[in-house]
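Raw model-v2.cif, mmCIF, C-alpha atoms and all ligand atoms:
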data_query
#
loop_
_atom_site.group_PDB
_atom_site.id
_atom_site.type_symbol
_atom_site.label_atom_id
_atom_site.label_comp_id
_atom_site.auth_asym_id
_atom_site.auth_seq_id
_atom_site.Cartn_x
_atom_site.Cartn_y
_atom_site.Cartn_z
ATOM 1 C CA MET A 1255 -118.531 134.347 -38.006
ATOM 2 C CA LYS A 1256 -118.667 132.469 -34.750
ATOM 3 C CA HIS A 1257 -115.504 130.782 -33.597
ATOM 4 C CA GLU A 1258 -115.562 127.041 -34.152
ATOM 5 C CA LEU A 1259 -113.901 124.018 -32.657
ATOM 6 C CA PRO A 1260 -111.003 123.096 -34.938
ATOM 7 C CA LYS A 1261 -110.929 119.513 -36.104
ATOM 8 C CA LEU A 1262 -108.724 117.342 -33.929
ATOM 9 C CA PRO A 1263 -105.960 116.116 -36.273
ATOM 10 C CA TYR A 1264 -105.949 112.580 -34.780
ATOM 11 C CA ALA A 1265 -108.134 110.132 -32.850
ATOM 12 C CA TYR A 1266 -108.608 110.440 -29.071
ATOM 13 C CA ASP A 1267 -106.735 107.221 -28.428
ATOM 14 C CA SER A 1268 -103.863 107.845 -30.803
ATOM 15 C CA LEU A 1269 -101.495 109.545 -28.338
ATOM 16 C CA GLN A 1270 -101.619 106.578 -25.987
ATOM 17 C CA PRO A 1271 -99.926 105.448 -23.841
ATOM 18 C CA HIS A 1272 -98.588 108.943 -23.159
ATOM 19 C CA ILE A 1273 -101.929 110.724 -23.138
ATOM 20 C CA ASP A 1274 -105.004 108.590 -22.552
ATOM 21 C CA ALA A 1275 -108.104 108.592 -24.748
ATOM 22 C CA LYS A 1276 -110.524 109.698 -22.033
ATOM 23 C CA THR A 1277 -108.435 112.760 -21.184
ATOM 24 C CA MET A 1278 -108.178 113.700 -24.850
ATOM 25 C CA GLU A 1279 -111.901 113.328 -25.366
ATOM 26 C CA ILE A 1280 -112.930 115.350 -22.323
ATOM 27 C CA HIS A 1281 -110.235 117.940 -22.857
ATOM 28 C CA TYR A 1282 -111.339 118.529 -26.442
ATOM 29 C CA THR A 1283 -115.114 118.046 -26.324
ATOM 30 C CA LYS A 1284 -115.767 119.578 -22.893
ATOM 31 C CA HIS A 1285 -113.003 121.940 -21.856
ATOM 32 C CA HIS A 1286 -112.127 123.377 -25.235
ATOM 33 C CA GLN A 1287 -115.798 123.537 -26.234
ATOM 34 C CA ALA A 1288 -116.627 125.451 -23.058
ATOM 35 C CA TYR A 1289 -113.969 128.098 -23.739
ATOM 36 C CA LEU A 1290 -115.335 128.436 -27.231
ATOM 37 C CA ASP A 1291 -118.964 128.755 -26.163
ATOM 38 C CA LYS A 1292 -118.156 131.408 -23.589
ATOM 39 C CA LEU A 1293 -116.003 133.335 -26.055
ATOM 40 C CA ASN A 1294 -118.806 133.306 -28.643
ATOM 41 C CA ALA A 1295 -121.400 134.328 -26.048
ATOM 42 C CA ALA A 1296 -119.294 137.313 -24.986
ATOM 43 C CA LEU A 1297 -118.770 138.432 -28.570
ATOM 44 C CA GLU A 1298 -122.514 138.360 -29.334
ATOM 45 C CA LYS A 1299 -122.812 141.796 -27.769
ATOM 46 C CA HIS A 1300 -120.000 143.114 -29.964
ATOM 47 C CA SER A 1301 -120.630 141.138 -33.122
ATOM 48 C CA LYS A 1302 -118.253 143.176 -35.271
ATOM 49 C CA LEU A 1303 -115.465 141.465 -33.375
ATOM 50 C CA PHE A 1304 -116.492 138.154 -34.963
ATOM 51 C CA GLU A 1305 -114.568 139.381 -38.004
ATOM 52 C CA LYS A 1306 -111.322 139.130 -36.087
ATOM 53 C CA LYS A 1307 -109.295 136.007 -35.552
ATOM 54 C CA VAL A 1308 -108.893 134.995 -31.942
ATOM 55 C CA GLU A 1309 -105.164 135.788 -32.185
ATOM 56 C CA GLU A 1310 -106.080 139.333 -33.215
ATOM 57 C CA LEU A 1311 -108.392 139.711 -30.240
ATOM 58 C CA LEU A 1312 -105.626 138.677 -27.851
ATOM 59 C CA ALA A 1313 -102.905 140.840 -29.416
ATOM 60 C CA ASP A 1314 -101.511 143.872 -27.581
ATOM 61 C CA ASP A 1315 -103.080 142.920 -24.295
ATOM 62 C CA LEU A 1316 -106.539 142.720 -25.915
ATOM 63 C CA LYS A 1317 -106.441 146.293 -27.131
ATOM 64 C CA ALA A 1318 -109.233 145.684 -29.664
ATOM 65 C CA VAL A 1319 -111.627 144.305 -27.045
ATOM 66 C CA PRO A 1320 -114.070 146.526 -25.104
ATOM 67 C CA GLU A 1321 -113.508 146.733 -21.357
ATOM 68 C CA GLU A 1322 -116.776 145.026 -20.389
ATOM 69 C CA ILE A 1323 -115.862 141.755 -22.113
ATOM 70 C CA LYS A 1324 -112.095 141.938 -21.774
ATOM 71 C CA ALA A 1325 -111.817 139.512 -18.848
ATOM 72 C CA VAL A 1326 -114.052 136.932 -20.554
ATOM 73 C CA VAL A 1327 -112.169 137.156 -23.843
ATOM 74 C CA ARG A 1328 -108.865 136.947 -21.987
ATOM 75 C CA ASN A 1329 -109.860 133.705 -20.272
ATOM 76 C CA HIS A 1330 -111.991 132.051 -22.914
ATOM 77 C CA GLY A 1331 -110.453 133.484 -26.065
ATOM 78 C CA GLY A 1332 -107.114 132.589 -24.515
ATOM 79 C CA GLY A 1333 -108.427 129.103 -23.776
ATOM 80 C CA HIS A 1334 -109.647 128.683 -27.348
ATOM 81 C CA ALA A 1335 -106.377 129.896 -28.902
ATOM 82 C CA ASN A 1336 -104.164 127.919 -26.534
ATOM 83 C CA HIS A 1337 -106.005 124.641 -27.030
ATOM 84 C CA SER A 1338 -106.259 125.038 -30.815
ATOM 85 C CA PHE A 1339 -102.490 125.460 -30.780
ATOM 86 C CA PHE A 1340 -101.904 122.592 -28.356
ATOM 87 C CA TRP A 1341 -103.724 119.970 -30.479
ATOM 88 C CA GLU A 1342 -101.563 120.882 -33.447
ATOM 89 C CA ILE A 1343 -98.220 120.475 -31.756
ATOM 90 C CA MET A 1344 -98.881 116.864 -30.743
ATOM 91 C CA THR A 1345 -99.016 113.893 -33.105
ATOM 92 C CA PRO A 1346 -99.281 110.107 -33.291
ATOM 93 C CA ASP A 1347 -96.979 110.166 -36.342
ATOM 94 C CA ILE A 1348 -93.628 108.723 -35.286
ATOM 95 C CA LYS A 1349 -91.757 110.455 -38.088
ATOM 96 C CA ALA A 1350 -93.164 113.884 -37.206
ATOM 97 C CA ARG A 1351 -91.965 113.375 -33.638
ATOM 98 C CA GLU A 1352 -88.315 113.510 -34.667
ATOM 99 C CA PHE A 1353 -86.458 116.492 -33.250
ATOM 100 C CA LYS A 1354 -84.932 118.060 -36.343
ATOM 101 C CA GLY A 1355 -85.026 120.991 -38.738
ATOM 102 C CA ASP A 1356 -84.369 124.687 -38.198
ATOM 103 C CA ILE A 1357 -86.074 124.670 -34.819
ATOM 104 C CA ALA A 1358 -83.802 121.896 -33.554
ATOM 105 C CA GLN A 1359 -80.747 123.897 -34.567
ATOM 106 C CA ALA A 1360 -82.149 127.111 -33.072
ATOM 107 C CA ILE A 1361 -82.889 125.336 -29.783
ATOM 108 C CA LYS A 1362 -79.364 123.919 -29.636
ATOM 109 C CA ASP A 1363 -77.921 127.353 -30.362
ATOM 110 C CA GLU A 1364 -80.016 129.031 -27.679
ATOM 111 C CA PHE A 1365 -80.043 126.436 -24.902
ATOM 112 C CA GLY A 1366 -76.893 124.396 -25.556
ATOM 113 C CA SER A 1367 -78.552 121.063 -26.284
ATOM 114 C CA TYR A 1368 -81.932 119.392 -26.614
ATOM 115 C CA GLU A 1369 -81.498 117.907 -23.150
ATOM 116 C CA LYS A 1370 -80.771 121.261 -21.533
ATOM 117 C CA PHE A 1371 -83.743 122.819 -23.266
ATOM 118 C CA GLN A 1372 -86.006 119.974 -22.233
ATOM 119 C CA GLU A 1373 -84.813 120.198 -18.657
ATOM 120 C CA LYS A 1374 -85.401 123.940 -18.424
ATOM 121 C CA PHE A 1375 -88.818 123.728 -20.092
ATOM 122 C CA SER A 1376 -89.899 120.814 -17.878
ATOM 123 C CA GLU A 1377 -88.748 122.597 -14.749
ATOM 124 C CA THR A 1378 -90.699 125.704 -15.733
ATOM 125 C CA ALA A 1379 -93.789 123.560 -16.351
ATOM 126 C CA LEU A 1380 -93.400 121.805 -13.039
ATOM 127 C CA ASN A 1381 -92.984 125.063 -11.148
ATOM 128 C CA ARG A 1382 -96.041 126.728 -12.643
ATOM 129 C CA PHE A 1383 -98.105 127.169 -9.500
ATOM 130 C CA GLY A 1384 -101.764 126.282 -10.039
ATOM 131 C CA SER A 1385 -103.172 126.347 -13.547
ATOM 132 C CA GLY A 1386 -101.393 127.616 -16.616
ATOM 133 C CA TRP A 1387 -99.100 126.914 -19.497
ATOM 134 C CA THR A 1388 -95.426 126.713 -20.340
ATOM 135 C CA TRP A 1389 -94.224 127.953 -23.690
ATOM 136 C CA LEU A 1390 -91.317 128.187 -26.024
ATOM 137 C CA VAL A 1391 -91.833 131.575 -27.656
ATOM 138 C CA LEU A 1392 -90.162 133.803 -30.139
ATOM 139 C CA ASN A 1393 -89.649 137.183 -28.490
ATOM 140 C CA ASN A 1394 -88.109 139.671 -30.901
ATOM 141 C CA GLU A 1395 -86.445 136.821 -32.776
ATOM 142 C CA LYS A 1396 -85.048 135.289 -29.596
ATOM 143 C CA LEU A 1397 -86.241 131.903 -28.327
ATOM 144 C CA GLU A 1398 -87.377 131.998 -24.694
ATOM 145 C CA ILE A 1399 -89.130 129.719 -22.258
ATOM 146 C CA VAL A 1400 -91.984 131.446 -20.475
ATOM 147 C CA SER A 1401 -94.887 130.488 -18.308
ATOM 148 C CA THR A 1402 -98.384 131.993 -18.265
ATOM 149 C CA ALA A 1403 -101.123 131.789 -15.653
ATOM 150 C CA ASN A 1404 -104.634 130.547 -16.342
ATOM 151 C CA GLN A 1405 -105.375 130.824 -20.078
ATOM 152 C CA ASP A 1406 -103.155 133.804 -20.755
ATOM 153 C CA SER A 1407 -101.467 133.602 -24.127
ATOM 154 C CA PRO A 1408 -97.952 134.823 -24.971
ATOM 155 C CA LEU A 1409 -99.668 136.655 -27.863
ATOM 156 C CA MET A 1410 -101.003 139.150 -25.324
ATOM 157 C CA GLU A 1411 -97.435 140.314 -24.795
ATOM 158 C CA GLY A 1412 -96.458 140.186 -28.451
ATOM 159 C CA LYS A 1413 -94.566 136.897 -28.116
ATOM 160 C CA ILE A 1414 -95.133 134.197 -30.721
ATOM 161 C CA PRO A 1415 -95.885 130.693 -29.368
ATOM 162 C CA ILE A 1416 -93.672 128.017 -30.931
ATOM 163 C CA LEU A 1417 -94.376 125.155 -28.520
ATOM 164 C CA GLY A 1418 -96.787 125.009 -25.577
ATOM 165 C CA LEU A 1419 -97.698 122.680 -22.758
ATOM 166 C CA ASP A 1420 -100.993 122.750 -20.881
ATOM 167 C CA VAL A 1421 -100.343 122.098 -17.200
ATOM 168 C CA TRP A 1422 -103.899 122.541 -15.962
ATOM 169 C CA GLU A 1423 -104.824 119.476 -13.927
ATOM 170 C CA HIS A 1424 -107.609 118.668 -16.416
ATOM 171 C CA SER A 1425 -104.909 117.855 -18.978
ATOM 172 C CA TYR A 1426 -103.428 115.012 -16.935
ATOM 173 C CA TYR A 1427 -105.370 114.221 -13.764
ATOM 174 C CA LEU A 1428 -107.294 111.152 -15.015
ATOM 175 C CA LYS A 1429 -104.112 109.292 -15.870
ATOM 176 C CA TYR A 1430 -101.448 110.898 -13.731
ATOM 177 C CA GLN A 1431 -103.425 112.311 -10.765
ATOM 178 C CA ASN A 1432 -101.117 114.662 -8.857
ATOM 179 C CA LYS A 1433 -97.996 113.509 -10.720
ATOM 180 C CA ARG A 1434 -97.401 116.426 -13.038
ATOM 181 C CA THR A 1435 -93.751 115.402 -13.403
ATOM 182 C CA ASP A 1436 -94.757 112.108 -15.028
ATOM 183 C CA TYR A 1437 -97.190 113.831 -17.377
ATOM 184 C CA ILE A 1438 -94.515 116.292 -18.525
ATOM 185 C CA LYS A 1439 -91.997 113.503 -19.031
ATOM 186 C CA GLU A 1440 -94.445 111.497 -21.151
ATOM 187 C CA TRP A 1441 -95.660 114.515 -23.111
ATOM 188 C CA TRP A 1442 -92.252 114.980 -24.747
ATOM 189 C CA ASN A 1443 -92.891 111.715 -26.614
ATOM 190 C CA VAL A 1444 -95.838 113.133 -28.541
ATOM 191 C CA VAL A 1445 -94.478 116.531 -29.567
ATOM 192 C CA ASN A 1446 -94.973 117.189 -33.265
ATOM 193 C CA TRP A 1447 -91.553 118.645 -34.079
ATOM 194 C CA LYS A 1448 -92.392 118.724 -37.766
ATOM 195 C CA LYS A 1449 -95.262 121.100 -37.026
ATOM 196 C CA VAL A 1450 -93.260 123.059 -34.449
ATOM 197 C CA ASN A 1451 -90.570 123.538 -37.069
ATOM 198 C CA GLU A 1452 -93.162 124.905 -39.522
ATOM 199 C CA ILE A 1453 -94.496 127.279 -36.885
ATOM 200 C CA TYR A 1454 -90.959 128.453 -36.154
ATOM 201 C CA GLN A 1455 -90.130 128.957 -39.817
ATOM 202 C CA GLY A 1456 -93.332 130.978 -40.267
ATOM 203 C CA ALA A 1457 -92.600 133.049 -37.172
ATOM 204 C CA ILE A 1458 -89.039 134.069 -38.017
ATOM 205 C CA LYS A 1459 -90.189 135.368 -41.395
ATOM 206 C CA LYS A 1460 -92.618 137.833 -39.786
HETATM 207 MN MN MN3 B 1501 -106.567 122.497 -21.118
#

As structure tokens, the full file:
Amino acid sequence: MKHELPKLPYAYDSLQPHIDAKTMEIHYTKHHQAYLDKLNAALEKHSKLFEKKVEELLADDLKAVPEEIKAVVRNHGGGHANHSFFWEIMTPDIKAREFKGDIAQAIKDEFGSYEKFQEKFSETALNRFGSGWTWLVLNNEKLEIVSTANQDSPLMEGKIPILGLDVWEHSYYLKYQNKRTDYIKEWWNVVNWKKVNEIYQGAIKK
């Protein structure tokens, strides 16, 4: 089955004022859709791969993917997986934005405090040169902050994404222009910690 655009769990304007409606709309309907279309087009030639989830295609440095489409699946399959994940870990629901649960405790244990974690994550996001992502991942049961270039996913290296931030300019330029720092600062307000906690709980059981 062809990969499909997942339903956005909220309205384009519902993360305002932190993330503006126009950015959400373009990011979802244009950028995400384009990754999806190019992923599907590449897989047409190897249609048996449609049986695999995108996460399975990316696993083990794309071991399951033939050489001739590997670069396309890396970029566009990565783009599809990363954005599908990104929509889920943001929310307009004030209650879901509360930093609590097992993940909150695990973050405090690993990084000292929420503030220290936030600072380190934000700094990593700010220092990502060019386009890419910053992640909180589970790497062999240890929480780590990592950064990936382009649309590379931590899944390629066997790390499980727990939280992720898109720092491609298309994710903030309309509202924040060159001010990535401001975008990062505002983004913390919309993180869906309830969902992140569920992802974490699922990941530590694996
Ligand atoms: Mn993006």

Using the chain letters and residue numbers of this document, give as a PyMOL selection string the residues selected by the PyMOL selection byres (((chain A and resi 1425-1427) around 12) and not hetatm). chain A and resi 1272-1282+1284-1286+1337+1340-1341+1385-1387+1419-1424+1428-1441

Residue contacts of Val1450 (chain A) (7 Å, all atoms listed in the file) excluding same-chain residues fewer than 4 positions away, as a CSV table (one decimal) with C-alpha atoms, keeping the file's coordinate frame:
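Listed below is the output, selection21.csv:
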chain,number,residue,atom,x,y,z
A,1343,ILE,CA,-98.2,120.5,-31.8
A,1416,ILE,CA,-93.7,128.0,-30.9
A,1417,LEU,CA,-94.4,125.2,-28.5
A,1446,ASN,CA,-95.0,117.2,-33.3
A,1454,TYR,CA,-91.0,128.5,-36.2

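Picture a line from CA of His1300 (chain A) to CA of Ala1288 (chain A); it runs 19.3 Å.
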
Spell out the residues picked by the PyMOL selection byres (((chain A and resi 1347-1349) around 9) and not hetatm) here, as a list in words.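 Checking the PyMOL selection byres (((chain A and resi 1347-1349) around 9) and not hetatm) against this file, the residues are Met1344, Thr1345, Pro1346, Ala1350, Arg1351, Glu1352, Val1444, Asn1446 and Lys1448 of chain A.
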
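We find CA of Gln1405 (chain A) and CA of Asn1329 (chain A) to be spaced 5.3 Å apart.
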
Let me make sure I understand: among A:Asp1363, A:Lys1307, A:Glu1395, A:Leu1262, which one has the smallest atom-to-atom distance to Gly1332 (chain A) if we use only C-alpha atoms?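 Result for the nearest residue to Gly1332 (chain A): A:Lys1307.
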
In Å, how far is it from CA of Ser1268 (chain A) to CA of Lys1449 (chain A)?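 Calculated distance between CA of Ser1268 (chain A) and CA of Lys1449 (chain A) is 17.0 Å.
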
Which residue of A:Asp1315, A:Asp1406, A:Glu1298, A:Glu1452 approaches ligand MN3 1501 (chain B) most closely, using all atoms listed in the file: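 Distance minimum relative to ligand MN3 1501 (chain B) lands on A:Asp1406.
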
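Residue nearest ligand MN3 1501 (chain B), chosen from A:Thr1388, A:Ser1367, A:Asp1314, A:Leu1297 and counting all atoms listed in the file: A:Thr1388.
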